[in-house]
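Here is the file entry24.cif (mmCIF, C-alpha atoms and all ligand atoms).
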```cif
data_structure
loop_
_atom_site.group_PDB
_atom_site.id
_atom_site.type_symbol
_atom_site.label_atom_id
_atom_site.label_comp_id
_atom_site.auth_asym_id
_atom_site.auth_seq_id
_atom_site.Cartn_x
_atom_site.Cartn_y
_atom_site.Cartn_z
ATOM 1 C CA MET V 1 73.344 27.927 -74.689
ATOM 2 C CA LYS V 2 70.289 26.928 -76.705
ATOM 3 C CA VAL V 3 69.230 23.600 -78.187
ATOM 4 C CA GLY V 4 66.398 23.287 -80.698
ATOM 5 C CA ILE V 5 63.591 20.756 -80.510
ATOM 6 C CA LEU V 6 61.949 20.335 -83.881
ATOM 7 C CA THR V 7 58.443 19.266 -82.933
ATOM 8 C CA ARG V 8 54.890 19.605 -84.172
ATOM 9 C CA ASN V 9 53.659 19.921 -80.625
ATOM 10 C CA GLU V 10 55.892 21.307 -77.930
ATOM 11 C CA GLU V 11 53.366 20.195 -75.308
ATOM 12 C CA SER V 12 53.633 16.547 -76.342
ATOM 13 C CA TRP V 13 54.949 14.335 -73.560
ATOM 14 C CA CYS V 14 58.368 13.557 -75.077
ATOM 15 C CA SER V 15 59.024 17.149 -76.163
ATOM 16 C CA ALA V 16 58.073 18.377 -72.683
ATOM 17 C CA GLN V 17 60.461 15.842 -71.126
ATOM 18 C CA LEU V 18 63.278 17.043 -73.374
ATOM 19 C CA ARG V 19 62.481 20.672 -72.597
ATOM 20 C CA ASP V 20 62.548 20.033 -68.846
ATOM 21 C CA SER V 21 65.743 18.051 -69.056
ATOM 22 C CA LEU V 22 67.506 20.758 -71.113
ATOM 23 C CA THR V 23 66.394 23.392 -68.608
ATOM 24 C CA ASP V 24 67.735 21.230 -65.741
ATOM 25 C CA HIS V 25 71.078 21.243 -67.555
ATOM 26 C CA ASP V 26 71.075 25.060 -67.858
ATOM 27 C CA VAL V 27 70.351 24.859 -71.571
ATOM 28 C CA LEU V 28 67.568 26.933 -73.091
ATOM 29 C CA PRO V 29 65.163 24.778 -75.112
ATOM 30 C CA PHE V 30 63.869 26.302 -78.331
ATOM 31 C CA CYS V 31 60.839 24.506 -79.775
ATOM 32 C CA PHE V 32 59.908 25.086 -83.378
ATOM 33 C CA ASP V 33 58.110 23.317 -86.195
ATOM 34 C CA PHE V 34 58.709 23.055 -89.926
ATOM 35 C CA PRO V 35 56.057 25.558 -91.010
ATOM 36 C CA SER V 36 57.754 28.230 -88.866
ATOM 37 C CA LEU V 37 61.006 27.916 -90.836
ATOM 38 C CA ALA V 38 62.245 30.121 -93.657
ATOM 39 C CA ALA V 39 65.177 28.903 -95.735
ATOM 40 C CA ARG V 40 67.220 31.505 -97.635
ATOM 41 C CA VAL V 41 69.623 31.084 -100.501
ATOM 42 C CA GLY V 42 71.908 33.918 -101.581
ATOM 43 C CA PHE V 43 71.677 35.762 -98.274
ATOM 44 C CA LYS V 44 71.527 35.130 -94.575
ATOM 45 C CA PRO V 45 70.351 33.770 -92.227
ATOM 46 C CA GLU V 46 70.249 30.519 -94.132
ATOM 47 C CA VAL V 47 67.522 29.107 -91.902
ATOM 48 C CA SER V 48 65.424 31.008 -89.423
ATOM 49 C CA ALA V 49 62.419 30.332 -87.237
ATOM 50 C CA ASP V 50 60.676 33.609 -86.462
ATOM 51 C CA ARG V 51 63.605 35.734 -85.178
ATOM 52 C CA THR V 52 65.939 32.877 -84.411
ATOM 53 C CA ASP V 53 68.870 32.300 -86.740
ATOM 54 C CA LEU V 54 69.244 28.560 -86.306
ATOM 55 C CA LEU V 55 72.919 28.314 -87.220
ATOM 56 C CA ARG V 56 73.911 31.266 -85.052
ATOM 57 C CA ASP V 57 71.672 30.673 -82.064
ATOM 58 C CA LEU V 58 71.403 26.898 -81.643
ATOM 59 C CA GLU V 59 74.033 24.348 -80.622
ATOM 60 C CA ALA V 60 72.048 21.388 -81.882
ATOM 61 C CA VAL V 61 68.636 20.292 -83.071
ATOM 62 C CA ILE V 62 66.756 17.280 -81.740
ATOM 63 C CA VAL V 63 64.248 16.084 -84.321
ATOM 64 C CA ARG V 64 60.953 14.695 -83.042
ATOM 65 C CA PRO V 65 58.563 13.167 -85.623
ATOM 66 C CA ILE V 66 58.870 15.101 -88.868
ATOM 67 C CA GLY V 67 55.156 14.559 -89.360
ATOM 68 C CA ARG V 68 52.913 13.965 -92.281
ATOM 69 C CA GLY V 69 52.895 16.181 -95.291
ATOM 70 C CA SER V 70 52.724 16.243 -99.042
ATOM 71 C CA LEU V 71 55.635 14.686 -100.908
ATOM 72 C CA GLU V 72 56.833 18.219 -101.643
ATOM 73 C CA GLU V 73 56.750 19.210 -97.981
ATOM 74 C CA ILE V 74 58.562 16.091 -96.832
ATOM 75 C CA ILE V 75 61.289 16.469 -99.475
ATOM 76 C CA PHE V 76 61.726 20.150 -98.598
ATOM 77 C CA ARG V 77 61.958 19.283 -94.891
ATOM 78 C CA MET V 78 64.650 16.727 -95.568
ATOM 79 C CA ASP V 79 66.557 19.117 -97.874
ATOM 80 C CA LEU V 80 66.455 21.741 -95.177
ATOM 81 C CA LEU V 81 67.801 19.369 -92.510
ATOM 82 C CA HIS V 82 70.574 18.272 -94.881
ATOM 83 C CA ARG V 83 71.543 21.906 -95.472
ATOM 84 C CA LEU V 84 71.643 22.650 -91.767
ATOM 85 C CA GLU V 85 73.862 19.618 -91.252
ATOM 86 C CA ARG V 86 76.173 20.619 -94.138
ATOM 87 C CA LEU V 87 76.553 24.037 -92.558
ATOM 88 C CA GLY V 88 77.712 22.461 -89.312
ATOM 89 C CA MET V 89 74.609 21.916 -87.202
ATOM 90 C CA TYR V 90 74.505 18.770 -85.082
ATOM 91 C CA ILE V 91 71.159 17.061 -85.715
ATOM 92 C CA LEU V 92 69.785 14.052 -83.862
ATOM 93 C CA ASN V 93 68.996 11.910 -85.837
ATOM 94 C CA PRO V 94 71.230 12.650 -88.820
ATOM 95 C CA PRO V 95 68.927 13.576 -91.742
ATOM 96 C CA ALA V 96 70.225 10.705 -93.877
ATOM 97 C CA ALA V 97 69.178 8.246 -91.172
ATOM 98 C CA VAL V 98 65.702 9.784 -90.934
ATOM 99 C CA GLU V 99 65.359 9.546 -94.697
ATOM 100 C CA ARG V 100 66.365 5.891 -94.773
ATOM 101 C CA SER V 101 64.178 4.781 -91.921
ATOM 102 C CA VAL V 102 60.923 6.559 -92.769
ATOM 103 C CA ASP V 103 60.878 4.443 -95.901
ATOM 104 C CA LYS V 104 60.173 0.916 -94.651
ATOM 105 C CA TYR V 105 61.469 -0.694 -97.848
ATOM 106 C CA TYR V 106 64.720 1.287 -97.847
ATOM 107 C CA ALA V 107 65.426 0.471 -94.204
ATOM 108 C CA LEU V 108 64.507 -3.216 -94.407
ATOM 109 C CA ALA V 109 66.643 -3.682 -97.528
ATOM 110 C CA LEU V 110 69.645 -2.097 -95.767
ATOM 111 C CA LEU V 111 69.135 -4.389 -92.772
ATOM 112 C CA GLU V 112 69.056 -7.453 -94.976
ATOM 113 C CA GLU V 113 72.180 -6.329 -96.841
ATOM 114 C CA ALA V 114 73.923 -6.050 -93.466
ATOM 115 C CA GLY V 115 73.035 -9.689 -92.777
ATOM 116 C CA LEU V 116 70.364 -8.930 -90.178
ATOM 117 C CA PRO V 117 67.218 -11.105 -89.949
ATOM 118 C CA VAL V 118 64.030 -9.545 -91.330
ATOM 119 C CA PRO V 119 60.635 -10.979 -92.346
ATOM 120 C CA ARG V 120 60.118 -11.920 -96.000
ATOM 121 C CA THR V 121 58.672 -8.857 -97.695
ATOM 122 C CA ILE V 122 57.506 -7.991 -101.195
ATOM 123 C CA VAL V 123 57.004 -4.427 -102.415
ATOM 124 C CA THR V 124 55.273 -3.604 -105.683
ATOM 125 C CA GLU V 125 53.185 -0.916 -107.336
ATOM 126 C CA SER V 126 50.713 -3.224 -109.039
ATOM 127 C CA ALA V 127 47.670 -5.030 -107.686
ATOM 128 C CA GLY V 128 48.473 -8.049 -109.882
ATOM 129 C CA GLY V 129 52.021 -8.219 -108.530
ATOM 130 C CA ALA V 130 50.700 -7.909 -105.000
ATOM 131 C CA LEU V 131 48.284 -10.775 -105.512
ATOM 132 C CA GLU V 132 51.136 -12.995 -106.671
ATOM 133 C CA ALA V 133 53.127 -11.831 -103.681
ATOM 134 C CA PHE V 134 50.207 -12.712 -101.401
ATOM 135 C CA HIS V 135 50.455 -16.348 -102.548
ATOM 136 C CA GLU V 136 54.261 -16.355 -102.470
ATOM 137 C CA LEU V 137 54.113 -15.226 -98.835
ATOM 138 C CA GLY V 138 51.732 -18.029 -97.817
ATOM 139 C CA CYS V 139 48.370 -16.220 -98.115
ATOM 140 C CA ASP V 140 48.750 -14.555 -94.706
ATOM 141 C CA VAL V 141 50.320 -11.126 -94.973
ATOM 142 C CA VAL V 142 50.516 -7.737 -93.334
ATOM 143 C CA LEU V 143 49.918 -4.898 -95.780
ATOM 144 C CA LYS V 144 51.607 -1.721 -94.502
ATOM 145 C CA PRO V 145 51.855 1.875 -95.668
ATOM 146 C CA ILE V 146 55.448 2.218 -96.885
ATOM 147 C CA PHE V 147 55.701 5.529 -94.976
ATOM 148 C CA GLY V 148 53.709 4.923 -91.818
ATOM 149 C CA SER V 149 53.929 4.610 -88.084
ATOM 150 C CA ARG V 150 52.000 3.771 -84.916
ATOM 151 C CA GLY V 151 50.377 0.780 -86.567
ATOM 152 C CA ILE V 152 48.029 3.071 -88.485
ATOM 153 C CA GLY V 153 46.859 1.618 -91.784
ATOM 154 C CA SER V 154 48.531 -1.785 -91.368
ATOM 155 C CA THR V 155 46.117 -4.593 -92.206
ATOM 156 C CA ARG V 156 46.408 -8.359 -91.893
ATOM 157 C CA VAL V 157 45.053 -10.041 -95.003
ATOM 158 C CA SER V 158 44.540 -13.789 -95.254
ATOM 159 C CA ASP V 159 41.653 -14.125 -97.694
ATOM 160 C CA HIS V 160 42.227 -14.099 -101.454
ATOM 161 C CA ASP V 161 39.101 -12.099 -102.352
ATOM 162 C CA VAL V 162 39.717 -9.506 -99.650
ATOM 163 C CA ALA V 163 43.349 -9.287 -100.776
ATOM 164 C CA GLU V 164 42.380 -8.673 -104.392
ATOM 165 C CA ARG V 165 39.826 -6.013 -103.450
ATOM 166 C CA ILE V 166 42.241 -4.144 -101.161
ATOM 167 C CA PHE V 167 45.250 -4.391 -103.498
ATOM 168 C CA ARG V 168 43.219 -2.966 -106.374
ATOM 169 C CA ALA V 169 42.035 -0.050 -104.237
ATOM 170 C CA VAL V 170 45.586 0.709 -103.078
ATOM 171 C CA ASP V 171 46.927 0.459 -106.627
ATOM 172 C CA PHE V 172 44.115 2.737 -107.853
ATOM 173 C CA ASN V 173 45.254 5.355 -105.308
ATOM 174 C CA HIS V 174 48.826 5.150 -106.654
ATOM 175 C CA GLN V 175 50.129 3.878 -103.337
ATOM 176 C CA VAL V 176 52.956 1.382 -103.080
ATOM 177 C CA LEU V 177 51.989 -2.096 -101.848
ATOM 178 C CA TYR V 178 54.288 -3.215 -99.037
ATOM 179 C CA LEU V 179 53.475 -6.811 -98.108
ATOM 180 C CA GLN V 180 55.132 -8.820 -95.391
ATOM 181 C CA GLU V 181 54.619 -12.422 -94.342
ATOM 182 C CA PHE V 182 52.562 -12.563 -91.157
ATOM 183 C CA VAL V 183 54.892 -13.613 -88.348
ATOM 184 C CA PRO V 184 53.062 -15.269 -85.404
ATOM 185 C CA HIS V 185 54.337 -13.547 -82.262
ATOM 186 C CA GLY V 186 51.812 -14.266 -79.529
ATOM 187 C CA ASN V 187 50.638 -10.626 -79.467
ATOM 188 C CA HIS V 188 53.832 -9.285 -77.984
ATOM 189 C CA ASP V 189 57.093 -7.976 -79.316
ATOM 190 C CA VAL V 190 60.286 -6.369 -78.115
ATOM 191 C CA ARG V 191 61.049 -2.661 -78.376
ATOM 192 C CA ILE V 192 64.649 -1.663 -77.835
ATOM 193 C CA PHE V 193 65.563 1.989 -77.532
ATOM 194 C CA THR V 194 69.119 2.549 -78.688
ATOM 195 C CA LEU V 195 71.253 5.623 -78.149
ATOM 196 C CA GLY V 196 74.740 5.845 -79.624
ATOM 197 C CA SER V 197 75.986 2.292 -79.562
ATOM 198 C CA ARG V 198 73.991 1.322 -76.489
ATOM 199 C CA ALA V 199 70.722 -0.488 -75.905
ATOM 200 C CA LEU V 200 69.526 2.135 -73.452
ATOM 201 C CA ALA V 201 66.185 0.598 -72.451
ATOM 202 C CA SER V 202 63.885 -2.200 -73.520
ATOM 203 C CA MET V 203 60.375 -3.464 -73.006
ATOM 204 C CA TRP V 204 57.914 -6.041 -74.068
ATOM 205 C CA ARG V 205 54.838 -4.583 -75.705
ATOM 206 C CA VAL V 206 51.881 -6.790 -74.877
ATOM 207 C CA ALA V 207 48.691 -6.365 -76.893
ATOM 208 C CA ASP V 208 45.260 -7.943 -77.221
ATOM 209 C CA SER V 209 45.752 -8.420 -80.946
ATOM 210 C CA TRP V 210 48.611 -8.707 -83.420
ATOM 211 C CA LYS V 211 49.487 -4.988 -83.527
ATOM 212 C CA THR V 212 51.712 -4.202 -80.560
ATOM 213 C CA ASN V 213 51.984 -0.425 -80.868
ATOM 214 C CA VAL V 214 51.676 1.315 -77.493
ATOM 215 C CA SER V 215 49.764 4.080 -79.284
ATOM 216 C CA LEU V 216 47.105 1.446 -80.093
ATOM 217 C CA GLY V 217 46.822 0.327 -76.477
ATOM 218 C CA ALA V 218 49.587 -2.269 -76.087
ATOM 219 C CA ARG V 219 50.904 -2.435 -72.523
ATOM 220 C CA PRO V 220 54.590 -1.922 -71.796
ATOM 221 C CA ALA V 221 56.143 -4.651 -69.626
ATOM 222 C CA PRO V 222 59.652 -4.657 -68.166
ATOM 223 C CA TYR V 223 62.037 -6.796 -70.173
ATOM 224 C CA GLU V 224 65.778 -7.253 -70.127
ATOM 225 C CA PRO V 225 66.617 -8.847 -73.481
ATOM 226 C CA PRO V 226 69.495 -11.278 -73.897
ATOM 227 C CA ALA V 227 72.753 -9.864 -75.253
ATOM 228 C CA ASN V 228 72.163 -11.183 -78.800
ATOM 229 C CA ILE V 229 68.862 -9.299 -79.122
ATOM 230 C CA LYS V 230 70.434 -6.077 -77.840
ATOM 231 C CA ARG V 231 73.323 -6.548 -80.250
ATOM 232 C CA LEU V 232 70.841 -6.983 -83.098
ATOM 233 C CA ALA V 233 69.111 -3.708 -82.251
ATOM 234 C CA ILE V 234 72.414 -1.826 -82.051
ATOM 235 C CA GLU V 235 73.593 -3.268 -85.364
ATOM 236 C CA ALA V 236 70.276 -2.337 -86.985
ATOM 237 C CA ALA V 237 70.526 1.256 -85.752
ATOM 238 C CA GLU V 238 74.139 1.513 -86.891
ATOM 239 C CA THR V 239 73.317 0.055 -90.298
ATOM 240 C CA VAL V 240 70.736 2.740 -90.948
ATOM 241 C CA GLY V 241 72.870 5.449 -89.316
ATOM 242 C CA CYS V 242 70.482 6.221 -86.448
ATOM 243 C CA GLU V 243 72.139 7.592 -83.317
ATOM 244 C CA VAL V 244 68.813 7.174 -81.579
ATOM 245 C CA ALA V 245 66.366 4.467 -82.614
ATOM 246 C CA GLY V 246 63.387 2.400 -81.554
ATOM 247 C CA VAL V 247 63.879 -1.095 -82.889
ATOM 248 C CA ASP V 248 60.900 -3.467 -83.088
ATOM 249 C CA ILE V 249 61.813 -7.145 -82.867
ATOM 250 C CA LEU V 250 59.506 -10.152 -83.156
ATOM 251 C CA GLU V 251 60.676 -13.253 -81.297
ATOM 252 C CA THR V 252 59.764 -16.345 -83.302
ATOM 253 C CA ASN V 253 60.561 -20.034 -82.953
ATOM 254 C CA LYS V 254 63.055 -19.555 -85.796
ATOM 255 C CA GLY V 255 64.814 -16.724 -83.974
ATOM 256 C CA PRO V 256 64.366 -12.967 -83.755
ATOM 257 C CA LEU V 257 63.237 -10.872 -86.723
ATOM 258 C CA ILE V 258 63.645 -7.108 -86.973
ATOM 259 C CA VAL V 259 60.327 -5.814 -88.178
ATOM 260 C CA GLU V 260 60.959 -2.080 -88.065
ATOM 261 C CA LEU V 261 63.381 0.626 -87.080
ATOM 262 C CA ASN V 262 62.022 4.001 -85.988
ATOM 263 C CA SER V 263 64.265 7.040 -86.265
ATOM 264 C CA GLN V 264 62.024 9.249 -84.152
ATOM 265 C CA PRO V 265 60.856 6.937 -81.387
ATOM 266 C CA GLY V 266 58.698 8.103 -78.496
ATOM 267 C CA TRP V 267 59.382 6.740 -75.012
ATOM 268 C CA LYS V 268 56.335 7.588 -72.897
ATOM 269 C CA GLY V 269 55.353 3.916 -72.505
ATOM 270 C CA LEU V 270 58.922 2.714 -72.190
ATOM 271 C CA GLN V 271 59.679 5.249 -69.458
ATOM 272 C CA THR V 272 57.066 3.545 -67.224
ATOM 273 C CA VAL V 273 59.067 0.296 -67.162
ATOM 274 C CA THR V 274 62.660 1.486 -67.019
ATOM 275 C CA GLU V 275 64.799 3.122 -64.359
ATOM 276 C CA VAL V 276 66.825 5.058 -66.928
ATOM 277 C CA ASN V 277 65.703 8.652 -67.466
ATOM 278 C CA ILE V 278 65.529 8.593 -71.247
ATOM 279 C CA ALA V 279 65.178 12.354 -71.818
ATOM 280 C CA ASP V 280 68.221 12.989 -69.599
ATOM 281 C CA GLU V 281 70.222 10.389 -71.500
ATOM 282 C CA ILE V 282 69.320 12.006 -74.832
ATOM 283 C CA VAL V 283 70.266 15.438 -73.495
ATOM 284 C CA HIS V 284 73.611 14.168 -72.121
ATOM 285 C CA TYR V 285 74.306 12.536 -75.463
ATOM 286 C CA VAL V 286 73.532 15.700 -77.426
ATOM 287 C CA LEU V 287 75.562 17.927 -75.107
ATOM 288 C CA ASP V 288 78.526 15.540 -75.378
ATOM 289 C CA ARG V 289 78.328 15.640 -79.170
ATOM 290 C CA THR V 290 78.026 19.400 -79.442
ATOM 291 C CA ARG V 291 80.799 20.332 -77.034
ATOM 292 C CA GLY V 292 83.455 22.133 -79.055
ATOM 293 C CA ARG V 293 81.564 21.952 -82.343
ATOM 294 C CA ARG V 294 80.691 25.645 -82.455
ATOM 295 C CA ASN V 295 84.363 26.575 -82.929
ATOM 296 C CA GLU V 296 84.512 24.260 -85.918
ATOM 297 C CA ARG V 297 81.629 26.003 -87.703
HETATM 298 N N1 LIG T 1 55.032 -9.152 -90.448
HETATM 299 C C1 LIG T 1 54.367 -9.033 -89.304
HETATM 300 N N2 LIG T 1 53.807 -10.099 -88.710
HETATM 301 C C2 LIG T 1 53.116 -9.969 -87.550
HETATM 302 N N3 LIG T 1 52.951 -8.803 -86.917
HETATM 303 C C3 LIG T 1 53.485 -7.704 -87.475
HETATM 304 C C4 LIG T 1 54.224 -7.764 -88.687
HETATM 305 N N4 LIG T 1 54.649 -6.522 -88.997
HETATM 306 C C5 LIG T 1 54.203 -5.731 -88.034
HETATM 307 N N5 LIG T 1 53.500 -6.413 -87.113
HETATM 308 C C6 LIG T 1 52.880 -5.860 -85.919
HETATM 309 O O1 LIG T 1 52.365 -4.595 -86.244
HETATM 310 C C7 LIG T 1 53.031 -3.576 -85.513
HETATM 311 C C8 LIG T 1 53.256 -2.358 -86.400
HETATM 312 O O2 LIG T 1 54.097 -2.679 -87.481
HETATM 313 P P1 LIG T 1 55.426 -1.894 -87.801
HETATM 314 O O3 LIG T 1 56.075 -2.546 -88.946
HETATM 315 O O4 LIG T 1 56.234 -1.742 -86.562
HETATM 316 O O5 LIG T 1 54.870 -0.492 -88.324
HETATM 317 P P2 LIG T 1 54.517 0.873 -87.558
HETATM 318 O O6 LIG T 1 54.804 0.694 -86.086
HETATM 319 O O7 LIG T 1 55.432 1.870 -88.196
HETATM 320 O O8 LIG T 1 53.091 1.148 -87.880
HETATM 321 C C9 LIG T 1 54.307 -4.230 -85.017
HETATM 322 O O9 LIG T 1 54.758 -3.641 -83.825
HETATM 323 C C10 LIG T 1 53.875 -5.668 -84.829
HETATM 324 O O10 LIG T 1 53.224 -5.840 -83.604
HETATM 325 MG MG MG T 2 56.574 -0.138 -85.214
#
```

The structure given in the file should be rewritten as structure tokens.
Amino acid sequence: MKVGILTRNEESWCSAQLRDSLTDHDVLPFCFDFPSLAARVGFKPEVSADRTDLLRDLEAVIVRPIGRGSLEEIIFRMDLLHRLERLGMYILNPPAAVERSVDKYYALALLEEAGLPVPRTIVTESAGGALEAFHELGCDVVLKPIFGSRGIGSTRVSDHDVAERIFRAVDFNHQVLYLQEFVPHGNHDVRIFTLGSRALASMWRVADSWKTNVSLGARPAPYEPPANIKRLAIEAAETVGCEVAGVDILETNKGPLIVELNSQPGWKGLQTVTEVNIADEIVHYVLDRTRGRRNER
């Protein structure tokens, strides 16, 4: 039995954990990346990586970060995952969920429509519109790349002149302006890792500044959230269709706000403050889901 890990770097910590866990469960891990894939139409195999026919040889595919790429590459990658899923492959996360959550506007809008609390956010293509938004949001905003992660490129802007200068530059580059009210959070937030309909593990991320990404140096601290916060994270993941998710929640004096939902969350930091073996849990989950599926293909 073989399970695929779609990863840019098979030596990365999370991919290595998944590989080891699969091996411990007598499953052969098969690591591959997008550039190694060939997709065929009109003849078979429909999708192959080197000599591996994905649909014939793999029971499931676990998707690690789909990575950066041109718009064309990203759309092709998503189309390819959708095709694999249509042809019966079990993919974690489902491609539709990945698509919804990599787009911060799409995901946040879905969360709001589901009645979940999110920060006030304005998205626009024009510098003029963004400047109005800056004032509407109280002249203290976080400007984020609409497709971004790990805190990279997010900037807090609270000065009108700086705002105007930055918004014009972003507009000039034909990038979308995603502006969110700055939510004071005491330099820490909550990360909840959900799997299926469970809050599998949680932590506080404690930083020296307002960005609490572990990749930027925030320190994981053990945290057992109250039931309502866990429920919020599970509902957020379900709303977007993520079977696995990393949900970022800011605790404010007006209650919790969901700031982001990651469909390809890492867990290196989280693993240091939880007893649960996250890679094993993911592998159990995938093996449970794939049992008996092959006969249906
Ligand atoms: N509106 C906000 N107000 C205050 N801090 C924020 C806000 N949005 C994000 N942050 C901080 O910046 C970090 C990164 O933002 P996030 O939306 O999670 O994007 P990503 O992690 O994909 O770069 C968050 O974990 C949080 O610490
Ligand atoms: Mg985040």

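Between Ile5 of chain V and the candidates V:Asp53, V:Glu59, V:Asp189, V:Glu85, the tightest atom-to-atom separation, counting only C-alpha atoms, involves V:Glu59.
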
If the limit is 8 Å from any atom of ligand LIG 1 (chain T), counting all atoms listed in the file, which residues qualify? Return them as a PDB file with C-alpha atoms, keeping the file's coordinate frame.
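Below is the file part.pdb, written as the result:
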```
ATOM      1  CA  LYS V 104      60.173   0.916 -94.651  1.00  0.00           C
ATOM      2  CA  PRO V 119      60.635 -10.979 -92.346  1.00  0.00           C
ATOM      3  CA  VAL V 141      50.320 -11.126 -94.973  1.00  0.00           C
ATOM      4  CA  VAL V 142      50.516  -7.737 -93.334  1.00  0.00           C
ATOM      5  CA  LYS V 144      51.607  -1.721 -94.502  1.00  0.00           C
ATOM      6  CA  PRO V 145      51.855   1.875 -95.668  1.00  0.00           C
ATOM      7  CA  PHE V 147      55.701   5.529 -94.976  1.00  0.00           C
ATOM      8  CA  GLY V 148      53.709   4.923 -91.818  1.00  0.00           C
ATOM      9  CA  SER V 149      53.929   4.610 -88.084  1.00  0.00           C
ATOM     10  CA  ARG V 150      52.000   3.771 -84.916  1.00  0.00           C
ATOM     11  CA  GLY V 151      50.377   0.780 -86.567  1.00  0.00           C
ATOM     12  CA  ILE V 152      48.029   3.071 -88.485  1.00  0.00           C
ATOM     13  CA  GLY V 153      46.859   1.618 -91.784  1.00  0.00           C
ATOM     14  CA  SER V 154      48.531  -1.785 -91.368  1.00  0.00           C
ATOM     15  CA  GLN V 180      55.132  -8.820 -95.391  1.00  0.00           C
ATOM     16  CA  GLU V 181      54.619 -12.422 -94.342  1.00  0.00           C
ATOM     17  CA  PHE V 182      52.562 -12.563 -91.157  1.00  0.00           C
ATOM     18  CA  VAL V 183      54.892 -13.613 -88.348  1.00  0.00           C
ATOM     19  CA  PRO V 184      53.062 -15.269 -85.404  1.00  0.00           C
ATOM     20  CA  HIS V 185      54.337 -13.547 -82.262  1.00  0.00           C
ATOM     21  CA  ASN V 187      50.638 -10.626 -79.467  1.00  0.00           C
ATOM     22  CA  HIS V 188      53.832  -9.285 -77.984  1.00  0.00           C
ATOM     23  CA  ASP V 189      57.093  -7.976 -79.316  1.00  0.00           C
ATOM     24  CA  TRP V 210      48.611  -8.707 -83.420  1.00  0.00           C
ATOM     25  CA  LYS V 211      49.487  -4.988 -83.527  1.00  0.00           C
ATOM     26  CA  THR V 212      51.712  -4.202 -80.560  1.00  0.00           C
ATOM     27  CA  ASN V 213      51.984  -0.425 -80.868  1.00  0.00           C
ATOM     28  CA  ASP V 248      60.900  -3.467 -83.088  1.00  0.00           C
ATOM     29  CA  ILE V 249      61.813  -7.145 -82.867  1.00  0.00           C
ATOM     30  CA  LEU V 250      59.506 -10.152 -83.156  1.00  0.00           C
ATOM     31  CA  VAL V 259      60.327  -5.814 -88.178  1.00  0.00           C
ATOM     32  CA  GLU V 260      60.959  -2.080 -88.065  1.00  0.00           C
ATOM     33  CA  LEU V 261      63.381   0.626 -87.080  1.00  0.00           C
ATOM     34  CA  ASN V 262      62.022   4.001 -85.988  1.00  0.00           C
TER      35      ASN V 262
END
```

Checklist entry - If we count all atoms listed in the file, what is near Pro226 of chain V at a cut-off of 12 Å, once residues fewer than 6 positions away on the same chain are taken out, given as a PyMOL selection string? => result chain V and resi 190+192+199+202+232-233+251+256

With the file shown as input, list the residues that the PyMOL selection byres (((chain V and resi 272) around 12) and not hetatm) selects, as a compact mmCIF listing (two decimals) with C-alpha atoms, keeping the file's coordinate frame.
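Resulting contents of result-v9.txt:
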```txt
# COMPACT_ATOMS: atom_id res chain seq x y z
CA ALA V 201 66.18 0.60 -72.45
CA SER V 202 63.88 -2.20 -73.52
CA MET V 203 60.38 -3.46 -73.01
CA TRP V 204 57.91 -6.04 -74.07
CA ARG V 205 54.84 -4.58 -75.70
CA VAL V 214 51.68 1.32 -77.49
CA ARG V 219 50.90 -2.44 -72.52
CA PRO V 220 54.59 -1.92 -71.80
CA ALA V 221 56.14 -4.65 -69.63
CA PRO V 222 59.65 -4.66 -68.17
CA TYR V 223 62.04 -6.80 -70.17
CA TRP V 267 59.38 6.74 -75.01
CA LYS V 268 56.34 7.59 -72.90
CA GLY V 269 55.35 3.92 -72.50
CA LEU V 270 58.92 2.71 -72.19
CA GLN V 271 59.68 5.25 -69.46
CA VAL V 273 59.07 0.30 -67.16
CA THR V 274 62.66 1.49 -67.02
CA GLU V 275 64.80 3.12 -64.36
CA VAL V 276 66.82 5.06 -66.93
CA ASN V 277 65.70 8.65 -67.47
CA ILE V 278 65.53 8.59 -71.25
```

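The space between atom CA of Asp24 of chain V and atom CA of Val283 of chain V spans 10.0 Å.
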
Checklist outcome for this item: Here atom CA of Ala16 of chain V and atom CA of Leu28 of chain V stand apart by 12.8 Å

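Around Asp33 of chain V, within 9 Å and counting all atoms listed in the file, the residues found are Ile5, Leu6, Thr7, Arg8, Asn9, Glu10, Ser36, Leu37, Ala49 and Ile66 of chain V, once anything fewer than 3 positions away on its own chain is removed.
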
Item to check | Among listed residues V:Gly88, V:Gln264, V:Ala279, V:Ile258, nearest Val118 of chain V (using only C-alpha atoms) | outcome: V:Ile258

Next on the checklist: With the PyMOL selection byres (((chain V and resi 84) around 12) and not hetatm) as the selection, what would be picked from this file? Answer as a count of residues only, please.
Outcome noted: 33

Got a minute to add N, CA and C atoms to segment 288-292 of chain V and dump it as a CSV table (one decimal), in the coordinates of the input?
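What follows is the written file result22.csv:
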```csv
chain,number,residue,atom,x,y,z
V,288,ASP,N,77.2,16.1,-75.1
V,288,ASP,CA,78.5,15.5,-75.4
V,288,ASP,C,79.0,15.8,-76.8
V,289,ARG,N,78.0,15.5,-77.7
V,289,ARG,CA,78.3,15.6,-79.2
V,289,ARG,C,78.6,17.1,-79.6
V,290,THR,N,78.0,18.0,-78.9
V,290,THR,CA,78.0,19.4,-79.4
V,290,THR,C,79.2,20.2,-78.8
V,291,ARG,N,79.7,19.6,-77.7
V,291,ARG,CA,80.8,20.3,-77.0
V,291,ARG,C,81.9,20.6,-78.0
V,292,GLY,N,82.3,21.8,-78.2
V,292,GLY,CA,83.5,22.1,-79.1
V,292,GLY,C,83.1,22.2,-80.5
```
